[in-house]
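Asker: Structure incoming, see below.
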Amino acid sequence: MKVKVQVVSKSPPGGRCEIYDRFFFEIVKAYENVYYCLIPSNLYEGDVVPPAVLVNGELVEPEDGILLTPEEIVEAIEKKGAKRREGAKDVAEKLKVIYDKFLEGV
């Protein structure tokens with residue numbers, strides 16, 4: 001089973017779009033069946049408002065209404081069947097470093 005993640009980004013991407021891109025680069029390295037693509041809003045034909053994260057076509061809503069946390073993202077992909085690669089370290093910890101660094105610059 002594949003877990004397909006799409007990030008619909010603003011054109012040009014920045015802020016949350018960039019952090020989601022960094023998150024999913026790490027996630028693809030840590031999970032064997034997660035596939036990720038970044039779609040600029042001008043090429044996306046759906047009805048979500050960027051920045052948006054879709055997992056297997058379903059919108060993942062941040063609890064705070066603004067920014068998805070590492071925990072929310074990991075939970076969303078694992079609910080859809082994401083399987084960690086053998087020997088992969090805790091990806092949530094790596095994402096937390098990216099998240100904290102991003103928040104420092106806000």
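Labels for the structure tokens follow display order: chains A, B, ..., residues from 1 in each chain, ligands from 1.
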Might you pull out every residue within 7 Å of Asn56 of chain A, with only C-alpha atoms counted and same-chain residues fewer than 2 positions away left off, and present them as a PyMOL selection string?

Answerer: chain A and resi 3-5+54+58

Asker: For those residues, write N, CA and C atoms to a file as a PDB file, in the first residue's frame.

Answerer:
ATOM      1  N   VAL A   3       1.368   5.384   0.392  1.00  0.00           N
ATOM      2  CA  VAL A   3       0.822   6.562   1.051  1.00  0.00           C
ATOM      3  C   VAL A   3       1.293   7.751   0.218  1.00  0.00           C
ATOM      4  N   LYS A   4       0.337   8.412  -0.400  1.00  0.00           N
ATOM      5  CA  LYS A   4       0.643   9.526  -1.299  1.00  0.00           C
ATOM      6  C   LYS A   4       0.375  10.837  -0.582  1.00  0.00           C
ATOM      7  N   VAL A   5       1.415  11.657  -0.481  1.00  0.00           N
ATOM      8  CA  VAL A   5       1.305  12.957   0.176  1.00  0.00           C
ATOM      9  C   VAL A   5       1.477  14.035  -0.884  1.00  0.00           C
ATOM     10  N   LEU A  54      -2.289  17.042   1.778  1.00  0.00           N
ATOM     11  CA  LEU A  54      -3.265  15.981   1.538  1.00  0.00           C
ATOM     12  C   LEU A  54      -2.554  14.646   1.657  1.00  0.00           C
ATOM     13  N   GLU A  58      -6.896  13.147   1.214  1.00  0.00           N
ATOM     14  CA  GLU A  58      -7.641  13.761   2.312  1.00  0.00           C
ATOM     15  C   GLU A  58      -6.832  14.900   2.934  1.00  0.00           C
TER      16      GLU A  58
END

Asker: Would you mind listing what lies within 10 Å of Asn42 of chain A as a list in words, with only C-alpha atoms counted and same-chain residues fewer than 5 positions away left out?

Answerer: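 These residues fall inside the cut-off: Val8, Ser9, Lys10, Ser11 and Pro12 of chain A.
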
Asker: Give the strand (DSSP E or B) residues of segment 42-72 of chain A, as DSSP finds them on the backbone, and put them as a list in words.

Answerer: Ala52, Val53, Leu54, Val55, Glu58, Leu59 and Val60 of chain A

Asker: I need the residues from that last selection saved to file as a PDB file, in the first residue's frame (with N, CA and C atoms), if you can.

Answerer:
ATOM      1  N   ALA A  52      -1.554  23.551   1.826  1.00  0.00           N
ATOM      2  CA  ALA A  52      -2.393  22.443   2.283  1.00  0.00           C
ATOM      3  C   ALA A  52      -1.639  21.133   2.111  1.00  0.00           C
ATOM      4  N   VAL A  53      -1.877  20.211   3.039  1.00  0.00           N
ATOM      5  CA  VAL A  53      -1.279  18.877   2.970  1.00  0.00           C
ATOM      6  C   VAL A  53      -2.416  17.880   2.803  1.00  0.00           C
ATOM      7  N   LEU A  54      -2.289  17.042   1.778  1.00  0.00           N
ATOM      8  CA  LEU A  54      -3.265  15.981   1.538  1.00  0.00           C
ATOM      9  C   LEU A  54      -2.554  14.646   1.657  1.00  0.00           C
ATOM     10  N   VAL A  55      -3.142  13.721   2.378  1.00  0.00           N
ATOM     11  CA  VAL A  55      -2.603  12.373   2.508  1.00  0.00           C
ATOM     12  C   VAL A  55      -3.640  11.435   1.903  1.00  0.00           C
ATOM     13  N   GLU A  58      -6.896  13.147   1.214  1.00  0.00           N
ATOM     14  CA  GLU A  58      -7.641  13.761   2.312  1.00  0.00           C
ATOM     15  C   GLU A  58      -6.832  14.900   2.934  1.00  0.00           C
ATOM     16  N   LEU A  59      -7.495  16.034   3.104  1.00  0.00           N
ATOM     17  CA  LEU A  59      -6.860  17.200   3.710  1.00  0.00           C
ATOM     18  C   LEU A  59      -6.527  16.916   5.168  1.00  0.00           C
ATOM     19  N   VAL A  60      -5.307  17.262   5.576  1.00  0.00           N
ATOM     20  CA  VAL A  60      -4.885  17.144   6.972  1.00  0.00           C
ATOM     21  C   VAL A  60      -4.943  18.553   7.565  1.00  0.00           C
TER      22      VAL A  60
END

Asker: Using 8 Å as the limit and counting only C-alpha atoms, can you tabulate each residue of segment 18-57 of chain A that touches segment 79-87 of chain A, with its shortest atom-to-atom distance in Å and the two atoms involved, as CSV?

Answerer:
residue,atom,partner,partner_atom,distance
A:Ala30,CA,A:Arg85,CA,5.6
A:Tyr31,CA,A:Arg84,CA,4.2
A:Glu32,CA,A:Arg85,CA,5.2
A:Asn33,CA,A:Ala82,CA,6.0
A:Val34,CA,A:Ala82,CA,6.2
A:Val55,CA,A:Lys80,CA,7.6
A:Asn56,CA,A:Lys80,CA,7.6

Asker: Those same residues - N, CA and C atoms - I'd like them written as a PDB file, in the first residue's frame.

Answerer:
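Contents of the output file part11.pdb:
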ATOM      1  N   ALA A  30      12.548   8.216   5.683  1.00  0.00           N
ATOM      2  CA  ALA A  30      12.299   7.352   6.833  1.00  0.00           C
ATOM      3  C   ALA A  30      11.234   6.279   6.597  1.00  0.00           C
ATOM      4  N   TYR A  31      10.374   6.461   5.602  1.00  0.00           N
ATOM      5  CA  TYR A  31       9.278   5.518   5.349  1.00  0.00           C
ATOM      6  C   TYR A  31       9.438   4.894   3.972  1.00  0.00           C
ATOM      7  N   GLU A  32       9.180   3.602   3.905  1.00  0.00           N
ATOM      8  CA  GLU A  32       9.393   2.881   2.650  1.00  0.00           C
ATOM      9  C   GLU A  32       8.263   3.036   1.635  1.00  0.00           C
ATOM     10  N   ASN A  33       7.086   3.429   2.059  1.00  0.00           N
ATOM     11  CA  ASN A  33       5.956   3.473   1.130  1.00  0.00           C
ATOM     12  C   ASN A  33       5.278   4.838   1.064  1.00  0.00           C
ATOM     13  N   VAL A  34       6.013   5.903   1.416  1.00  0.00           N
ATOM     14  CA  VAL A  34       5.465   7.247   1.332  1.00  0.00           C
ATOM     15  C   VAL A  34       6.049   7.939   0.109  1.00  0.00           C
ATOM     16  N   VAL A  55      -3.142  13.721   2.378  1.00  0.00           N
ATOM     17  CA  VAL A  55      -2.603  12.373   2.508  1.00  0.00           C
ATOM     18  C   VAL A  55      -3.640  11.435   1.903  1.00  0.00           C
ATOM     19  N   ASN A  56      -3.243  10.752   0.836  1.00  0.00           N
ATOM     20  CA  ASN A  56      -4.157   9.901   0.067  1.00  0.00           C
ATOM     21  C   ASN A  56      -5.436  10.658  -0.289  1.00  0.00           C
TER      22      ASN A  56
END

Asker: Write down as an mmCIF file with C-alpha atoms, in the first residue's frame the residues of chain A whose backbone DSSP state falls under helix (DSSP H, G or I).

Answerer:
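Wrote it out as result.cif, contents follow:
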data_model
loop_
_atom_site.group_PDB
_atom_site.id
_atom_site.type_symbol
_atom_site.label_atom_id
_atom_site.label_comp_id
_atom_site.auth_asym_id
_atom_site.auth_seq_id
_atom_site.Cartn_x
_atom_site.Cartn_y
_atom_site.Cartn_z
ATOM 1 C CA ARG A 16 4.679 26.976 5.681
ATOM 2 C CA CYS A 17 5.105 25.582 2.159
ATOM 3 C CA GLU A 18 8.854 25.425 2.656
ATOM 4 C CA ILE A 19 8.634 23.779 6.082
ATOM 5 C CA TYR A 20 6.232 21.138 4.730
ATOM 6 C CA ASP A 21 8.673 20.473 1.888
ATOM 7 C CA ARG A 22 11.495 19.950 4.418
ATOM 8 C CA PHE A 23 9.282 17.719 6.566
ATOM 9 C CA PHE A 24 8.357 15.425 3.706
ATOM 10 C CA PHE A 25 11.917 15.153 2.431
ATOM 11 C CA GLU A 26 12.782 13.609 5.826
ATOM 12 C CA ILE A 27 9.630 11.495 5.864
ATOM 13 C CA VAL A 28 10.328 9.967 2.444
ATOM 14 C CA LYS A 29 13.786 8.969 3.699
ATOM 15 C CA ALA A 30 12.299 7.352 6.833
ATOM 16 C CA SER A 41 -1.355 26.277 -6.509
ATOM 17 C CA ASN A 42 -1.486 27.484 -10.118
ATOM 18 C CA LEU A 43 -1.176 23.844 -11.280
ATOM 19 C CA PRO A 70 5.503 16.978 13.348
ATOM 20 C CA GLU A 71 3.244 14.813 15.509
ATOM 21 C CA GLU A 72 0.159 15.630 13.407
ATOM 22 C CA ILE A 73 1.965 14.770 10.195
ATOM 23 C CA VAL A 74 3.420 11.501 11.488
ATOM 24 C CA GLU A 75 0.020 10.494 12.873
ATOM 25 C CA ALA A 76 -1.714 11.295 9.562
ATOM 26 C CA ILE A 77 0.657 9.236 7.413
ATOM 27 C CA GLU A 78 0.840 6.313 9.836
ATOM 28 C CA LYS A 79 -2.966 6.150 9.997
ATOM 29 C CA VAL A 91 11.450 10.841 12.292
ATOM 30 C CA ALA A 92 9.332 12.956 14.647
ATOM 31 C CA GLU A 93 12.529 14.034 16.414
ATOM 32 C CA LYS A 94 14.090 15.164 13.120
ATOM 33 C CA LEU A 95 10.909 17.006 12.189
ATOM 34 C CA LYS A 96 10.815 18.693 15.601
ATOM 35 C CA VAL A 97 14.267 20.199 14.965
ATOM 36 C CA ILE A 98 13.045 21.612 11.632
ATOM 37 C CA TYR A 99 9.823 22.839 13.271
ATOM 38 C CA ASP A 100 11.609 24.585 16.157
ATOM 39 C CA LYS A 101 14.089 26.254 13.800
ATOM 40 C CA PHE A 102 11.190 27.482 11.650
ATOM 41 C CA LEU A 103 9.360 28.924 14.672
ATOM 42 C CA GLU A 104 12.495 30.801 15.760
#

Asker: Taking only C-alpha atoms into account, name the residue in A:Gly15, A:Ile39, A:Gly46, A:Gly105 that is nearest to Ile66 of chain A.

Answerer: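 Going through A:Gly15, A:Ile39, A:Gly46, A:Gly105 one by one, the smallest distance to Ile66 of chain A is for A:Gly15.
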
Asker: Work out how far atom CA of Met1 of chain A is from atom CA of Val49 of chain A, in Å to one decimal.

Answerer: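 Spanning atom CA of Val49 of chain A to atom CA of Met1 of chain A is a straight-line distance of 27.5 Å.
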
Asker: How many Å lie between atom CA of Gln6 of chain A and atom CA of Lys89 of chain A, rounded to one decimal?

Answerer: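 Atom CA of Lys89 of chain A lies at a distance of 23.3 Å from atom CA of Gln6 of chain A.
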
Asker: Which one of A:Pro51, A:Lys2, A:Thr69, A:Asp64 sits closest to Tyr36 of chain A if you count only C-alpha atoms?

Answerer: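 Using only C-alpha atoms, Tyr36 of chain A sits closest to A:Lys2.
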
Asker: Please report the interatomic distance between atom CA of Glu63 of chain A and atom CA of Ala88 of chain A in Å with one decimal.

Answerer: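 Taking atom CA of Glu63 of chain A as the start and atom CA of Ala88 of chain A as the end point, the length is 26.7 Å.
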